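Engineer: I'm passing along model_11.pdb; it holds PDB, C-alpha atoms and all ligand atoms.
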```pdb
ATOM      1  CA  MET A   1      11.314  22.919  42.825
ATOM      2  CA  VAL A   2      14.688  21.229  42.178
ATOM      3  CA  GLN A   3      12.916  17.853  41.726
ATOM      4  CA  ALA A   4      10.130  19.327  39.593
ATOM      5  CA  THR A   5      12.496  20.593  36.883
ATOM      6  CA  PRO A   6      13.656  17.197  35.533
ATOM      7  CA  PHE A   7      10.071  15.922  35.752
ATOM      8  CA  LEU A   8       8.797  18.854  33.675
ATOM      9  CA  LEU A   9      11.649  18.346  31.180
ATOM     10  CA  VAL A  10      10.780  14.654  30.707
ATOM     11  CA  LEU A  11       7.061  15.466  30.477
ATOM     12  CA  SER A  12       7.569  18.121  27.817
ATOM     13  CA  LEU A  13       9.853  15.808  25.800
ATOM     14  CA  ALA A  14       7.255  13.032  25.979
ATOM     15  CA  LEU A  15       4.626  15.423  24.658
ATOM     16  CA  VAL A  16       6.737  16.958  21.913
ATOM     17  CA  ALA A  17       8.814  13.961  20.710
ATOM     18  CA  PRO A  18       6.024  12.068  18.902
ATOM     19  CA  SER A  19       5.418  15.026  16.579
ATOM     20  CA  PHE A  20       9.017  14.735  15.250
ATOM     21  CA  SER A  21       8.531  11.227  13.895
ATOM     22  CA  SER A  22       4.804  11.044  13.281
ATOM     23  CA  ARG A  23       4.420  12.515   9.846
ATOM     24  CA  LYS A  24       1.305  10.652   8.833
ATOM     25  CA  CYS A  25       1.563   8.149   6.014
ATOM     26  CA  VAL A  26      -1.273   8.896   3.597
ATOM     27  CA  LEU A  27      -2.406   6.363   0.986
ATOM     28  CA  THR A  28      -4.074   8.834  -1.358
ATOM     29  CA  GLY A  29      -1.969   9.747  -4.381
ATOM     30  CA  HIS A  30       0.228   8.354  -7.132
ATOM     31  CA  TRP A  31       2.591   5.456  -6.381
ATOM     32  CA  THR A  32       5.163   3.408  -8.265
ATOM     33  CA  ASN A  33       6.671   0.060  -7.281
ATOM     34  CA  ASP A  34       9.880  -1.920  -7.741
ATOM     35  CA  LEU A  35       8.513  -3.544 -10.925
ATOM     36  CA  GLY A  36       7.705  -0.159 -12.475
ATOM     37  CA  SER A  37       3.944  -0.516 -11.988
ATOM     38  CA  ASN A  38       1.992   2.643 -11.188
ATOM     39  CA  MET A  39      -1.160   3.070  -9.161
ATOM     40  CA  THR A  40      -3.420   5.912  -8.139
ATOM     41  CA  ILE A  41      -5.400   5.822  -4.904
ATOM     42  CA  LYS A  42      -8.332   8.220  -4.629
ATOM     43  CA  ALA A  43      -9.576   9.896  -1.440
ATOM     44  CA  LEU A  44     -10.574   7.590   1.417
ATOM     45  CA  ASN A  45     -14.120   7.749   2.750
ATOM     46  CA  ALA A  46     -15.046   8.010   6.452
ATOM     47  CA  LYS A  47     -14.804   4.215   6.821
ATOM     48  CA  GLY A  48     -11.282   4.149   5.348
ATOM     49  CA  GLU A  49     -12.460   2.629   2.066
ATOM     50  CA  PHE A  50     -10.867   3.685  -1.187
ATOM     51  CA  ALA A  51     -10.880   3.094  -4.935
ATOM     52  CA  GLY A  52      -8.253   3.705  -7.564
ATOM     53  CA  SER A  53      -6.523   2.394 -10.640
ATOM     54  CA  TYR A  54      -3.512   0.156 -11.264
ATOM     55  CA  HIS A  55      -1.241   0.138 -14.310
ATOM     56  CA  THR A  56       0.935  -2.953 -14.021
ATOM     57  CA  ALA A  57       4.284  -2.983 -15.819
ATOM     58  CA  VAL A  58       4.251  -6.782 -16.113
ATOM     59  CA  THR A  59       1.818  -9.600 -16.808
ATOM     60  CA  VAL A  60       1.887 -13.386 -16.734
ATOM     61  CA  THR A  61      -0.320 -13.394 -19.831
ATOM     62  CA  THR A  62       0.347 -12.459 -23.443
ATOM     63  CA  ASN A  63      -2.542  -9.974 -23.324
ATOM     64  CA  GLU A  64      -2.129  -6.264 -23.861
ATOM     65  CA  ILE A  65      -1.888  -4.558 -20.467
ATOM     66  CA  GLN A  66      -4.759  -2.213 -19.556
ATOM     67  CA  VAL A  67      -5.245   0.068 -16.576
ATOM     68  CA  SER A  68      -7.381  -1.851 -14.058
ATOM     69  CA  PRO A  69      -9.597  -0.833 -11.130
ATOM     70  CA  LEU A  70      -8.644  -1.364  -7.504
ATOM     71  CA  GLN A  71     -10.703  -1.271  -4.325
ATOM     72  CA  GLY A  72      -9.456  -1.400  -0.776
ATOM     73  CA  SER A  73      -9.627  -0.275   2.787
ATOM     74  CA  GLN A  74      -7.317   1.112   5.402
ATOM     75  CA  HIS A  75      -7.457   0.013   9.016
ATOM     76  CA  HIS A  76      -8.717   2.511  11.640
ATOM     77  CA  THR A  77      -8.067   5.661   9.676
ATOM     78  CA  ASN A  78      -7.344   8.111  12.491
ATOM     79  CA  GLU A  79      -5.805   5.963  15.192
ATOM     80  CA  LYS A  80      -2.303   5.349  13.902
ATOM     81  CA  SER A  81      -0.025   7.259  11.567
ATOM     82  CA  GLN A  82       1.353   4.104   9.852
ATOM     83  CA  SER A  83      -1.792   2.167   9.025
ATOM     84  CA  THR A  84      -2.279  -1.284   7.619
ATOM     85  CA  PHE A  85      -4.365  -1.625   4.466
ATOM     86  CA  GLY A  86      -5.469  -4.045   1.791
ATOM     87  CA  PHE A  87      -6.737  -3.741  -1.757
ATOM     88  CA  THR A  88      -7.851  -5.915  -4.631
ATOM     89  CA  VAL A  89      -7.061  -5.383  -8.295
ATOM     90  CA  ASN A  90      -9.583  -6.906 -10.689
ATOM     91  CA  TRP A  91      -7.527  -7.089 -13.880
ATOM     92  CA  SER A  92      -9.352  -5.718 -16.934
ATOM     93  CA  PHE A  93      -7.228  -7.630 -19.440
ATOM     94  CA  SER A  94      -6.979 -11.071 -17.802
ATOM     95  CA  ASP A  95      -9.070 -13.514 -15.761
ATOM     96  CA  ALA A  96      -6.905 -12.890 -12.715
ATOM     97  CA  ILE A  97      -7.330 -11.084  -9.407
ATOM     98  CA  THR A  98      -4.549  -9.784  -7.153
ATOM     99  CA  VAL A  99      -4.954  -9.002  -3.467
ATOM    100  CA  PHE A 100      -2.371  -6.789  -1.799
ATOM    101  CA  THR A 101      -1.932  -6.341   1.940
ATOM    102  CA  GLY A 102       0.520  -3.974   3.525
ATOM    103  CA  GLN A 103       1.472  -1.137   5.769
ATOM    104  CA  CYS A 104       2.169   2.499   5.031
ATOM    105  CA  PHE A 105       5.439   3.602   6.689
ATOM    106  CA  VAL A 106       7.324   6.868   6.958
ATOM    107  CA  ASP A 107      11.020   5.972   6.632
ATOM    108  CA  LYS A 108      13.872   7.677   8.472
ATOM    109  CA  GLU A 109      14.208  10.298   5.723
ATOM    110  CA  GLY A 110      10.527  11.130   6.160
ATOM    111  CA  LYS A 111       9.608   9.430   2.860
ATOM    112  CA  GLU A 112       6.391   7.409   2.663
ATOM    113  CA  VAL A 113       6.763   3.772   1.618
ATOM    114  CA  LEU A 114       4.153   1.053   1.168
ATOM    115  CA  LYS A 115       5.487  -2.390   2.079
ATOM    116  CA  THR A 116       3.147  -4.975   0.578
ATOM    117  CA  MET A 117       2.683  -8.653  -0.073
ATOM    118  CA  TRP A 118       0.419  -9.924  -2.811
ATOM    119  CA  LEU A 119      -1.343 -13.042  -4.028
ATOM    120  CA  LEU A 120      -2.091 -13.245  -7.745
ATOM    121  CA  ARG A 121      -4.800 -15.749  -8.580
ATOM    122  CA  SER A 122      -4.869 -16.713 -12.245
ATOM    123  CA  HIS A 123      -7.674 -18.652 -13.890
ATOM    124  CA  VAL A 124      -7.091 -22.334 -14.619
ATOM    125  CA  ASP A 125      -9.373 -24.601 -16.635
ATOM    126  CA  THR A 126      -9.522 -27.582 -14.316
ATOM    127  CA  ILE A 127      -9.287 -28.320 -10.598
ATOM    128  CA  LYS A 128      -6.221 -30.428 -11.184
ATOM    129  CA  ASP A 129      -4.370 -27.246 -12.167
ATOM    130  CA  ASP A 130      -5.381 -25.445  -8.974
ATOM    131  CA  TRP A 131      -1.964 -26.053  -7.407
ATOM    132  CA  LYS A 132      -0.270 -23.721  -9.899
ATOM    133  CA  ALA A 133      -2.878 -20.982  -9.993
ATOM    134  CA  THR A 134      -1.603 -18.681  -7.237
ATOM    135  CA  ARG A 135       1.605 -16.667  -7.209
ATOM    136  CA  VAL A 136       2.930 -14.769  -4.207
ATOM    137  CA  GLY A 137       5.321 -11.864  -3.939
ATOM    138  CA  ILE A 138       6.227  -8.561  -2.401
ATOM    139  CA  ASN A 139       6.139  -5.038  -3.776
ATOM    140  CA  ILE A 140       7.488  -1.805  -2.346
ATOM    141  CA  PHE A 141       5.751   1.381  -3.427
ATOM    142  CA  THR A 142       7.052   4.951  -3.216
ATOM    143  CA  ARG A 143       5.305   8.141  -4.197
ATOM    144  CA  LEU A 144       5.503   9.117  -7.862
ATOM    145  CA  ARG A 145       5.098  12.794  -7.032
ATOM    146  CA  PRO A 146       6.263  13.313  -3.453
ATOM    147  CA  GLN A 147       4.033  15.640  -1.393
ATOM    148  CA  LYS A 148       5.399  18.999  -0.270
ATOM    149  CA  GLU A 149       6.138  19.272   3.497
TER     150      GLU A 149
HETATM  151  C1  LIG A 201      -2.075 -10.866 -15.031
HETATM  152  O1  LIG A 201      -0.931 -10.991 -15.476
HETATM  153  O2  LIG A 201      -2.941 -11.775 -15.193
HETATM  154  C2  LIG A 201      -2.508  -9.641 -14.331
HETATM  155  C3  LIG A 201      -1.404  -8.707 -13.970
HETATM  156  C4  LIG A 201      -0.672  -9.127 -12.728
HETATM  157  C5  LIG A 201       0.419  -8.163 -12.333
HETATM  158  C6  LIG A 201       1.130  -8.581 -11.064
HETATM  159  S1  LIG A 201       0.174  -8.291  -9.610
HETATM  160  C7  LIG A 201       1.558  -8.533  -8.572
HETATM  161  C8  LIG A 201       2.747  -7.940  -9.296
HETATM  162  N1  LIG A 201       2.907  -6.545  -8.960
HETATM  163  C9  LIG A 201       2.726  -5.739 -10.003
HETATM  164  O3  LIG A 201       2.816  -4.508  -9.965
HETATM  165  N2  LIG A 201       2.401  -6.464 -11.076
HETATM  166  C10 LIG A 201       2.446  -7.883 -10.801
END
```
Show me this structure written as structure tokens.
Ligand code: BTN

Structural biologist:
Amino acid sequence: MVQATPFLLVLSLALVAPSFSSRKCVLTGHWTNDLGSNMTIKALNAKGEFAGSYHTAVTVTTNEIQVSPLQGSQHHTNEKSQSTFGFTVNWSFSDAITVFTGQCFVDKEGKEVLKTMWLLRSHVDTIKDDWKATRVGINIFTRLRPQKE
């Protein structure tokens, strides 16, 4: 009995502890990033695929910015609470495409944050300009309208 008590204590902690830190990070919703761009991700389907829209705050062109469609997928929807994901934005107002890849985290304050890297492929007229056609960067997204607990 004396030996069973610490064992039961450790077992119950092991069962209960994950629920403290595992608030699930959910991609669906409205997000803003460090450049001031906003995006909306619609509900994910059973395969973890999603669609949405992206309103960039910046452009490498002189074109007027328009809201553009995005399509992506999340890895293994139900297995982990902080999933990896990727999405593509097909810009409506330029010849470019951006692919984002990232992971959805819950930070130590319980706030969801999307840590991403992106590749922006712009159109160039000739193969000799290929070397300068792709930009790379990072973006950090936080929720525009944080969810209630
Ligand atoms: C273009 O300028 O041809 C299209 C818009 C590109 C916007 C880029 S995508 C990566 C970075 N993150 C943003 O939110 N906007 C810029």

Engineer: For the atom pair CA of Ala51 (chain A) and CA of Val124 (chain A), what is the interatomic distance in Å to one decimal place?

Structural biologist: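 So the answer is 27.5 Å.
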
Engineer: Of the candidates A:Leu70, A:Leu120, A:Ile127, A:Ala43, which one gets nearest to ligand LIG 201 (chain A) if we count only C-alpha atoms and all ligand atoms?

Structural biologist: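 Closest candidate: A:Leu120.
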
Engineer: What residues of the protein or nucleic acid chains come within 6 Å of ligand LIG 201 (chain A) when you use only C-alpha atoms and all ligand atoms? Reply as a compact mmCIF listing (two decimals) with C-alpha atoms, keeping the file's coordinate frame.

Structural biologist:
```txt
# COMPACT_ATOMS: atom_id res chain seq x y z
CA LEU A 35 8.51 -3.54 -10.92
CA SER A 37 3.94 -0.52 -11.99
CA THR A 56 0.94 -2.95 -14.02
CA VAL A 58 4.25 -6.78 -16.11
CA THR A 59 1.82 -9.60 -16.81
CA VAL A 60 1.89 -13.39 -16.73
CA THR A 61 -0.32 -13.39 -19.83
CA TRP A 91 -7.53 -7.09 -13.88
CA SER A 94 -6.98 -11.07 -17.80
CA ALA A 96 -6.90 -12.89 -12.72
CA THR A 98 -4.55 -9.78 -7.15
CA LEU A 120 -2.09 -13.24 -7.74
```

Engineer: Write out as a list of chain:residue names which residues come within 10 Å of His123 (chain A) when counting only C-alpha atoms, dropping same-chain ones fewer than 3 positions away.

Structural biologist: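 In the requested format, the answer is A:Ser94, A:Asp95, A:Ala96, A:Ile97, A:Leu120, A:Thr126, A:Asp129, A:Asp130, A:Lys132, A:Ala133, A:Thr134.
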
Engineer: If the PyMOL selection byres (((chain A and resi 42) around 7) and not hetatm) is run on the structure shown, which residues does it catch, given as a ChimeraX atom specification?

Structural biologist: /A:28-29,40-41,43-44,50-52

Engineer: For Asn45 (chain A), list every protein, DNA or RNA residue within 12 Å, evaluated using all atoms listed in the file, and leave out those in the same chain fewer than 4 positions away; present the list as an NGL selection string.

Structural biologist: :A and (27-28 or 41 or 49-51 or 71-78)

Engineer: For Gly102 (chain A), please output as number ranges by chain all residues within 9 Å (counting all atoms listed in the file; exclusion window: fewer than 3 positions along the same chain).

Structural biologist: A: 83-87, 114-118

Engineer: For Lys24 (chain A), work out the shell of residues within 8 Å, counting only C-alpha atoms and skipping chain neighbours fewer than 2 positions away, then give it as a list in words.

Structural biologist: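 Neighbouring residues, sequence-local ones excluded: Ser22, Val26, Ser81, Gln82 and Val106 of chain A.
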
Engineer: With C-alpha atoms retained, write the just-selected residues as a compact mmCIF listing (two decimals), in the frame of the given file.

Structural biologist:
```txt
# COMPACT_ATOMS: atom_id res chain seq x y z
CA SER A 22 4.80 11.04 13.28
CA VAL A 26 -1.27 8.90 3.60
CA SER A 81 -0.02 7.26 11.57
CA GLN A 82 1.35 4.10 9.85
CA VAL A 106 7.32 6.87 6.96
```

Engineer: Identify which of the residues A:Val99, A:Glu112, A:Tyr54, A:Ala46 lies closest to Val136 (chain A), counting only C-alpha atoms when measuring atom-to-atom distances.

Structural biologist: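 Checking each candidate against Val136 (chain A), we get A:Val99 as the closest.
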
Engineer: Between CA of His55 (chain A) and CA of Asp107 (chain A), what is the distance, to one decimal in Å?

Structural biologist: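 Interatomic distance here is 25.0 Å.
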
Engineer: Expressed in Å to a single decimal, how great is the separation between CA of Thr62 (chain A) and CA of Ser122 (chain A)?

Structural biologist: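 Here the two named atoms are 13.1 Å from each other.
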
Engineer: With 6 Å of padding per side, what axis-aligned box (centre and edge lengths, Å, one decimal) covers all the listed atoms of region 39-57 of chain A? Give it as AutoDock Vina command-line options.

Structural biologist:
```
--center_x -5.4 --center_y 3.5 --center_z -4.5 --size_x 31.3 --size_y 24.9 --size_z 34.6
```

Engineer: Within 10 Å of Leu144 (chain A), counting all atoms listed in the file, which residues show up once you throw out same-chain ones fewer than 2 positions away? Write them as a short mmCIF file (atom, residue, chain, number, x, y, z; two decimals) with C-alpha atoms, in the coordinates of the input, please.

Structural biologist:
```
data_model
loop_
_atom_site.label_atom_id
_atom_site.label_comp_id
_atom_site.auth_asym_id
_atom_site.auth_seq_id
_atom_site.Cartn_x
_atom_site.Cartn_y
_atom_site.Cartn_z
CA GLY A 29 -1.97 9.75 -4.38
CA HIS A 30 0.23 8.35 -7.13
CA TRP A 31 2.59 5.46 -6.38
CA THR A 32 5.16 3.41 -8.26
CA ASN A 33 6.67 0.06 -7.28
CA ASN A 38 1.99 2.64 -11.19
CA MET A 39 -1.16 3.07 -9.16
CA THR A 40 -3.42 5.91 -8.14
CA PHE A 141 5.75 1.38 -3.43
CA THR A 142 7.05 4.95 -3.22
CA PRO A 146 6.26 13.31 -3.45
CA GLN A 147 4.03 15.64 -1.39
#
```

Engineer: Hey, which of A:Arg143, A:Glu109, A:Asn63, A:Gly137 ends up closest to Arg121 (chain A)? Count all atoms listed in the file.

Structural biologist: A:Gly137

Engineer: Choose the residue, out of A:Leu119, A:Asp34, A:Ala57, A:Gln66, that has the smallest atom-to-atom separation from Thr88 (chain A); count only C-alpha atoms.

Structural biologist: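 That would be A:Leu119, the residue with the smallest distance to Thr88 (chain A).
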
Engineer: Would you save region 80-124 of chain A from the block above with N, CA and C atoms, as a short mmCIF file (atom, residue, chain, number, x, y, z; two decimals), in the first residue's frame?

Structural biologist:
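Result file follows (part39.cif):
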```cif
data_model
loop_
_atom_site.label_atom_id
_atom_site.label_comp_id
_atom_site.auth_asym_id
_atom_site.auth_seq_id
_atom_site.Cartn_x
_atom_site.Cartn_y
_atom_site.Cartn_z
N LYS A 80 -2.07 15.16 -33.59
CA LYS A 80 -1.28 16.04 -32.74
C LYS A 80 -2.02 17.35 -32.55
N SER A 81 -1.74 18.04 -31.43
CA SER A 81 -2.45 19.29 -31.19
C SER A 81 -1.74 20.46 -31.87
N GLN A 82 -0.48 20.31 -32.27
CA GLN A 82 0.27 21.42 -32.89
C GLN A 82 0.74 20.97 -34.27
N SER A 83 -0.20 20.96 -35.20
CA SER A 83 0.06 20.31 -36.50
C SER A 83 0.87 21.17 -37.45
N THR A 84 1.55 20.48 -38.35
CA THR A 84 2.20 21.14 -39.47
C THR A 84 1.16 21.32 -40.59
N PHE A 85 1.42 22.29 -41.45
CA PHE A 85 0.48 22.58 -42.54
C PHE A 85 1.22 23.29 -43.67
N GLY A 86 0.56 23.36 -44.80
CA GLY A 86 1.09 24.14 -45.92
C GLY A 86 -0.07 24.70 -46.71
N PHE A 87 0.15 25.86 -47.35
CA PHE A 87 -0.88 26.38 -48.24
C PHE A 87 -0.24 27.23 -49.34
N THR A 88 -0.99 27.35 -50.40
CA THR A 88 -0.54 28.10 -51.58
C THR A 88 -1.48 29.27 -51.81
N VAL A 89 -0.91 30.43 -52.07
CA VAL A 89 -1.73 31.59 -52.45
C VAL A 89 -1.46 31.88 -53.93
N ASN A 90 -2.53 31.83 -54.71
CA ASN A 90 -2.46 32.14 -56.14
C ASN A 90 -2.92 33.59 -56.30
N TRP A 91 -1.97 34.50 -56.41
CA TRP A 91 -2.29 35.93 -56.35
C TRP A 91 -3.19 36.36 -57.51
N SER A 92 -4.28 37.04 -57.18
CA SER A 92 -5.25 37.47 -58.20
C SER A 92 -4.75 38.67 -58.99
N PHE A 93 -3.81 39.43 -58.43
CA PHE A 93 -3.43 40.69 -59.04
C PHE A 93 -2.01 40.69 -59.60
N SER A 94 -1.34 39.50 -59.53
CA SER A 94 0.01 39.41 -60.10
C SER A 94 0.20 38.02 -60.68
N ASP A 95 1.33 37.82 -61.36
CA ASP A 95 1.61 36.50 -61.97
C ASP A 95 2.31 35.57 -60.99
N ALA A 96 2.31 35.93 -59.72
CA ALA A 96 3.11 35.20 -58.74
C ALA A 96 2.29 34.17 -57.96
N ILE A 97 3.02 33.27 -57.34
CA ILE A 97 2.45 32.25 -56.44
C ILE A 97 3.31 32.27 -55.18
N THR A 98 2.68 32.15 -54.02
CA THR A 98 3.44 31.96 -52.78
C THR A 98 3.04 30.65 -52.13
N VAL A 99 4.03 29.88 -51.70
CA VAL A 99 3.75 28.69 -50.88
C VAL A 99 4.25 28.97 -49.46
N PHE A 100 3.39 28.65 -48.52
CA PHE A 100 3.72 28.80 -47.10
C PHE A 100 3.78 27.39 -46.49
N THR A 101 4.72 27.18 -45.58
CA THR A 101 4.73 25.95 -44.80
C THR A 101 4.97 26.35 -43.35
N GLY A 102 4.33 25.62 -42.44
CA GLY A 102 4.49 26.05 -41.06
C GLY A 102 3.93 25.09 -40.05
N GLN A 103 3.90 25.58 -38.82
CA GLN A 103 3.33 24.77 -37.73
C GLN A 103 2.51 25.70 -36.84
N CYS A 104 1.41 25.14 -36.39
CA CYS A 104 0.48 25.84 -35.51
C CYS A 104 0.85 25.52 -34.06
N PHE A 105 1.27 26.54 -33.30
CA PHE A 105 1.69 26.32 -31.91
C PHE A 105 0.73 27.00 -30.94
N VAL A 106 0.68 26.48 -29.73
CA VAL A 106 0.03 27.21 -28.63
C VAL A 106 1.17 27.68 -27.73
N ASP A 107 1.31 29.02 -27.59
CA ASP A 107 2.46 29.53 -26.82
C ASP A 107 2.22 29.40 -25.31
N LYS A 108 3.16 29.88 -24.51
CA LYS A 108 3.03 29.63 -23.07
C LYS A 108 1.90 30.42 -22.41
N GLU A 109 1.40 31.43 -23.12
CA GLU A 109 0.21 32.14 -22.61
C GLU A 109 -1.10 31.52 -23.11
N GLY A 110 -0.94 30.41 -23.87
CA GLY A 110 -2.13 29.74 -24.39
C GLY A 110 -2.64 30.34 -25.70
N LYS A 111 -1.83 31.24 -26.28
CA LYS A 111 -2.22 31.93 -27.52
C LYS A 111 -1.73 31.14 -28.73
N GLU A 112 -2.60 30.99 -29.73
CA GLU A 112 -2.20 30.26 -30.94
C GLU A 112 -1.31 31.14 -31.83
N VAL A 113 -0.28 30.53 -32.39
CA VAL A 113 0.62 31.26 -33.28
C VAL A 113 1.04 30.34 -34.42
N LEU A 114 1.01 30.90 -35.63
CA LEU A 114 1.43 30.13 -36.81
C LEU A 114 2.83 30.60 -37.19
N LYS A 115 3.79 29.72 -37.09
CA LYS A 115 5.17 30.05 -37.48
C LYS A 115 5.37 29.50 -38.89
N THR A 116 5.60 30.38 -39.84
CA THR A 116 5.67 29.94 -41.24
C THR A 116 6.95 30.41 -41.93
N MET A 117 7.26 29.69 -42.99
CA MET A 117 8.25 30.15 -43.98
C MET A 117 7.56 30.14 -45.33
N TRP A 118 7.97 31.06 -46.20
CA TRP A 118 7.33 31.13 -47.51
C TRP A 118 8.36 31.29 -48.63
N LEU A 119 7.90 30.86 -49.81
CA LEU A 119 8.64 31.10 -51.06
C LEU A 119 7.68 31.83 -51.99
N LEU A 120 8.10 32.98 -52.46
CA LEU A 120 7.29 33.76 -53.40
C LEU A 120 7.94 33.67 -54.78
N ARG A 121 7.24 33.02 -55.69
CA ARG A 121 7.75 32.89 -57.06
C ARG A 121 7.07 33.93 -57.93
N SER A 122 7.87 34.87 -58.44
CA SER A 122 7.36 35.87 -59.36
C SER A 122 7.64 35.43 -60.79
N HIS A 123 6.87 35.96 -61.72
CA HIS A 123 7.07 35.63 -63.13
C HIS A 123 8.23 36.44 -63.69
N VAL A 124 9.08 35.76 -64.47
CA VAL A 124 10.13 36.50 -65.21
C VAL A 124 9.99 36.15 -66.70
#
```
